[in-house]
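The structure appears right after this line, and notes come after that.
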Amino acid sequence: METNTYSLCRPPVYQQVDSYSNFRASWNPRSIGSPCRSLNLRLRRSSQIFALDSISTSEDPISSAKGSGETENLGSMNPIYVPTPSNRELRTPHSGYHFDGSTRHFFEGWYFKVSIPERKQSFCFMYSVENPAFRKKLGTFEELQYGPRFTGVGAQILGADDKYICQFSEESSNFWGCRHELMLGNTFVGKKDTQPPNKEEFSRRVIEGFQVTPLWHQGFIRDDGRSDYVDTVKTARWEYSTLPIYGWGNVGSKQKSTAGWLAAFPVFEPHWQICMAGGLSTGWIEWDGERYEFENAPSYSEKNWGGAFPRKWFWVQCNVFEGADGEVALTAAGGLRQIPGLTEVFENAALVGVHYGGIFYEFVPWNGVVSWEINEWGYWYISGENESHMVELVATTKDPGTTLRAPTKEAGLSPACKDNCSGALKLRIWKRTFNGGKGKMILDVTSDMAAVEVGGGPWFNTWKGKTAAPELVRRALQLPVDEEAIFGLAPFMKPPGL
């Protein structure tokens, strides 16, 4: 076996975040090296990785035992499992599982990304559950009673070199999700004579599946052969821990609902929540015969839920930048979504969110205006302004992109969007002058690792649009409503997911 060693390191056990730019880390006592060191986020660009050209051979595809707090040495990098604490500081609203038990059309989807700047590679993990009120494919009588529904659980990964893997089951009986925290998992194939877990437990019960929490992510999936239109890998295995740095809001402040407090109610679907705008992940991913090990790699997570995906949408996300003194995280997106009512009426919705220096710069329809010009593929221009700042970003790619699946009402988990994780991006933010012009520039950064996406349709030509909320909606969404505090007075009324 030929081994390519870029750097060899041991993962720190993260204890706490003191501020935006500094956090404490102490070494795993089983590791070799200095027992303690201080890390500065501004030095994270020098994070190390270790890669080798073959996958460890184990009879058990999931050979770690993090569910019981133990670890088996699969290589140089052993990420440390830490249970998720209650009332964690950077928890965002809507971190939990939103399914309310009803038989209405419903899906929920989750997205987790890890980027490895030293290799110019990213791994995007996507999970979805569709119509979980029906634990398996509907029979004839159920279709007559409820209408056609697509059911099941899917796991997709867009990984290194734009290769892809997908495993899907029409049954959701082995899926579990936590009602008020970002914790979920699914068993595609369980171990003999054991019941699939319905909580945070994995290695002793699961052969093929996944589980994820805000601080931990592990799994093993096998491609099911349904994606002959893309370059696929046969299996993928991963295990990594995460230290959240940004939620969705200023560091040290209460985190925000991405779509405002009205997202607590089932209107203006689908809903969308960035759960972690930026984090640092440590662990390993085995992909296409190669094992990627990383320490303090930039990471990100978001989710959406509701009746169906937007009619059409665009998205740009990036955590790897050049030219900034500190951590920068960008998420920008827009879509054409249906307004509740008896007729099919659609509206544009869009936002830009940037975290930099512990400050959250938010550009949304209820505090300003967001405009865009998006080609069918290859070009994304988005700008926004609020009362105090202006933002502008341009993303491009010459890569043809990879077709991914999304939950759809019409065909279930089907090819519906196109992504690439090597987009060229330029992001700038200015202070706004008293007369509405561009003042002092406070951020001017670039990247060659932006994630870009277009989805839905039809995409016959360039999509140009602008969105600003009506004055009544603007005033309502600007009210300082703390939905969690309100429902805390009557916990039995708190909706699932919040």
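Chain labels follow the order of the structure tokens: the first chain is A, the next B, and so on; residue numbering restarts at 1 in every chain, and ligands are counted from 1 in their shown order.
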Exercise: stretch 167-181 of chain A partners within 8 Å, only C-alpha atoms, chain neighbours under 2 positions left out, as number ranges by chain: A: 94-98, 129, 132, 134-137, 150-156, 165, 183-188, 196-199, 221-224, 496-498
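For A:Arg205, the residues within 10 Å (counting only C-alpha atoms, excluding itself and residues fewer than 5 positions away along the chain) are Ile62, Gly67, Thr187, Val189, Gly190, Lys191, Lys192, Asp193, Thr194, Gln195, Pro196 and Pro197 of chain A.
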Restrict the selected residues to all heavy atoms and save them as a short mmCIF file (atom, residue, chain, number, x, y, z; two decimals), in the first residue's frame.
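Saved result, part-v9.cif, follows:
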data_model
loop_
_atom_site.label_atom_id
_atom_site.label_comp_id
_atom_site.auth_asym_id
_atom_site.auth_seq_id
_atom_site.Cartn_x
_atom_site.Cartn_y
_atom_site.Cartn_z
N ILE A 62 -19.29 -0.46 10.42
CA ILE A 62 -19.26 0.59 11.42
C ILE A 62 -18.55 0.02 12.63
O ILE A 62 -19.14 -0.60 13.49
CB ILE A 62 -20.69 1.04 11.82
CG1 ILE A 62 -21.44 1.52 10.59
CG2 ILE A 62 -20.64 2.11 12.87
CD1 ILE A 62 -20.90 2.79 10.01
N GLY A 67 -21.51 5.23 20.35
CA GLY A 67 -22.74 5.24 21.12
C GLY A 67 -22.50 4.92 22.58
O GLY A 67 -23.25 5.31 23.45
N THR A 187 -31.53 3.59 10.15
CA THR A 187 -30.90 2.30 9.92
C THR A 187 -31.43 1.72 8.61
O THR A 187 -32.61 1.43 8.49
CB THR A 187 -31.22 1.33 11.08
OG1 THR A 187 -30.74 1.89 12.30
CG2 THR A 187 -30.55 -0.03 10.85
N VAL A 189 -29.69 -1.05 7.20
CA VAL A 189 -29.46 -2.47 7.50
C VAL A 189 -28.98 -2.56 8.94
O VAL A 189 -27.97 -1.96 9.31
CB VAL A 189 -28.40 -3.09 6.56
CG1 VAL A 189 -28.16 -4.55 6.92
CG2 VAL A 189 -28.83 -2.96 5.10
N GLY A 190 -29.74 -3.30 9.76
CA GLY A 190 -29.37 -3.45 11.15
C GLY A 190 -28.63 -4.75 11.40
O GLY A 190 -28.58 -5.65 10.54
N LYS A 191 -28.03 -4.83 12.56
CA LYS A 191 -27.34 -6.06 12.94
C LYS A 191 -28.34 -7.14 13.32
O LYS A 191 -29.44 -6.87 13.79
CB LYS A 191 -26.38 -5.78 14.11
CG LYS A 191 -25.18 -4.93 13.70
CD LYS A 191 -24.15 -4.86 14.81
CE LYS A 191 -22.92 -4.10 14.35
NZ LYS A 191 -21.88 -4.00 15.40
N LYS A 192 -27.93 -8.37 13.12
CA LYS A 192 -28.80 -9.51 13.37
C LYS A 192 -29.18 -9.58 14.84
O LYS A 192 -28.38 -9.34 15.73
CB LYS A 192 -28.09 -10.80 12.95
CG LYS A 192 -28.95 -12.05 13.02
CD LYS A 192 -28.18 -13.26 12.52
CE LYS A 192 -29.05 -14.51 12.58
NZ LYS A 192 -28.30 -15.71 12.12
N ASP A 193 -30.44 -9.88 15.07
CA ASP A 193 -30.98 -10.09 16.42
C ASP A 193 -30.93 -8.82 17.28
O ASP A 193 -30.88 -8.90 18.51
CB ASP A 193 -30.25 -11.23 17.14
CG ASP A 193 -30.37 -12.56 16.42
OD1 ASP A 193 -31.44 -12.79 15.82
OD2 ASP A 193 -29.41 -13.33 16.44
N THR A 194 -30.93 -7.65 16.64
CA THR A 194 -30.99 -6.40 17.40
C THR A 194 -32.06 -5.50 16.79
O THR A 194 -32.34 -5.58 15.59
CB THR A 194 -29.65 -5.64 17.39
OG1 THR A 194 -29.33 -5.26 16.03
CG2 THR A 194 -28.53 -6.49 17.97
N GLN A 195 -32.64 -4.65 17.61
CA GLN A 195 -33.61 -3.69 17.14
C GLN A 195 -32.89 -2.42 16.69
O GLN A 195 -31.94 -1.97 17.34
CB GLN A 195 -34.59 -3.34 18.25
CG GLN A 195 -35.52 -4.47 18.62
CD GLN A 195 -36.50 -4.80 17.51
OE1 GLN A 195 -37.00 -3.91 16.82
NE2 GLN A 195 -36.74 -6.08 17.31
N PRO A 196 -33.30 -1.82 15.57
CA PRO A 196 -32.68 -0.55 15.17
C PRO A 196 -32.86 0.49 16.26
O PRO A 196 -33.88 0.51 16.95
CB PRO A 196 -33.45 -0.16 13.90
CG PRO A 196 -34.03 -1.45 13.40
CD PRO A 196 -34.31 -2.27 14.62
N PRO A 197 -31.88 1.36 16.46
CA PRO A 197 -31.99 2.36 17.52
C PRO A 197 -33.03 3.41 17.19
O PRO A 197 -33.31 3.69 16.03
CB PRO A 197 -30.59 2.97 17.57
CG PRO A 197 -30.04 2.76 16.20
CD PRO A 197 -30.61 1.45 15.73
#
Would you mind listing what lies within 7 Å of stretch 313-318 of chain A as a count of residues only, with only C-alpha atoms counted and same-chain residues fewer than 6 positions away left out? 16
I need the strand (DSSP E or B) residues of stretch 393-479 of chain A per DSSP on the backbone, written as a VMD selection string. chain A and resid 393 to 396 402 to 408 412 to 432 438 to 456 463 to 467
Skipping near chain neighbours, those fewer than 2 positions away, what residues fall within 8 Å of stretch 106-108 of chain A using only C-alpha atoms, listed as an MDAnalysis selection string? chainID A and resid 97:99 103:104 110 128:132 303:308 407
Go ahead and save the picked residues with C-alpha atoms, as a CSV table (one decimal), in the first residue's frame.
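Below is the file that was written, selection.csv:
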chain,number,residue,atom,x,y,z
A,97,TYR,CA,-37.7,17.3,13.9
A,98,HIS,CA,-40.9,19.1,12.7
A,99,PHE,CA,-43.1,16.1,11.9
A,103,THR,CA,-51.0,12.7,7.3
A,104,ARG,CA,-50.5,15.9,5.3
A,110,TRP,CA,-30.9,18.0,6.4
A,128,SER,CA,-34.4,13.3,3.9
A,129,VAL,CA,-37.6,11.7,5.1
A,130,GLU,CA,-40.8,11.9,3.1
A,131,ASN,CA,-44.4,11.4,4.4
A,132,PRO,CA,-43.3,9.7,7.7
A,303,LYS,CA,-32.3,22.0,7.0
A,304,ASN,CA,-35.7,22.6,5.4
A,305,TRP,CA,-39.2,21.1,5.9
A,306,GLY,CA,-42.8,21.5,4.8
A,307,GLY,CA,-45.1,20.3,2.1
A,308,ALA,CA,-42.6,20.4,-0.8
A,407,PRO,CA,-37.9,15.4,-2.2
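With only C-alpha atoms as the atoms that count, the minimum distance from A:Tyr146 to the choices A:Ala133, A:Met276, A:Ile116, A:Val230 is reached by A:Ala133.
In this comparison, which uses only C-alpha atoms, the residue of A:Thr282, A:Thr467, A:Thr402, A:Asn78 approaching A:Trp372 most closely is A:Thr467.
Distance check against A:Trp377 using only C-alpha atoms: of A:Gly457, A:Gly209, A:Pro365, A:Pro244, the minimum falls on A:Gly457.
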Find the residue from A:Glu484, A:Glu392, A:Ala416, A:Cys421 that sits nearest to A:Asn87; use only C-alpha atoms when measuring. A:Glu484
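The closest residue to A:Ile339, picked from A:Pro270, A:Glu200, A:Pro480, A:Lys312 and counting only C-alpha atoms, is A:Pro270.
Looking only at stretch 126-334 of chain A, the set that DSSP places in alpha helix (DSSP H) from backbone geometry is A:Thr140, A:Phe141, A:Glu142, A:Glu143, A:Leu144, A:Gln145, A:Tyr146.
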Using only C-alpha atoms, which of the listed residues (A:Leu351, A:Ala236, A:Val445, A:Leu182) sits closest to A:Val320? A:Val445
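The coordinates place atom CA of A:Glu410 at 20.1 Å from atom CA of A:Tyr229.
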What separates atom CA of A:Trp463 and atom CA of A:Ile374 is a distance of 5.1 Å
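Atom CA of A:Val369 lies 6.8 Å from atom CA of A:Asn386.
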Need the shell around A:Gly384: protein/DNA/RNA residues with any atom at most 6 Å away, counting only C-alpha atoms. Skip same-chain ones fewer than 6 positions apart. Format as number ranges by chain? A: 363, 369-370, 390-391
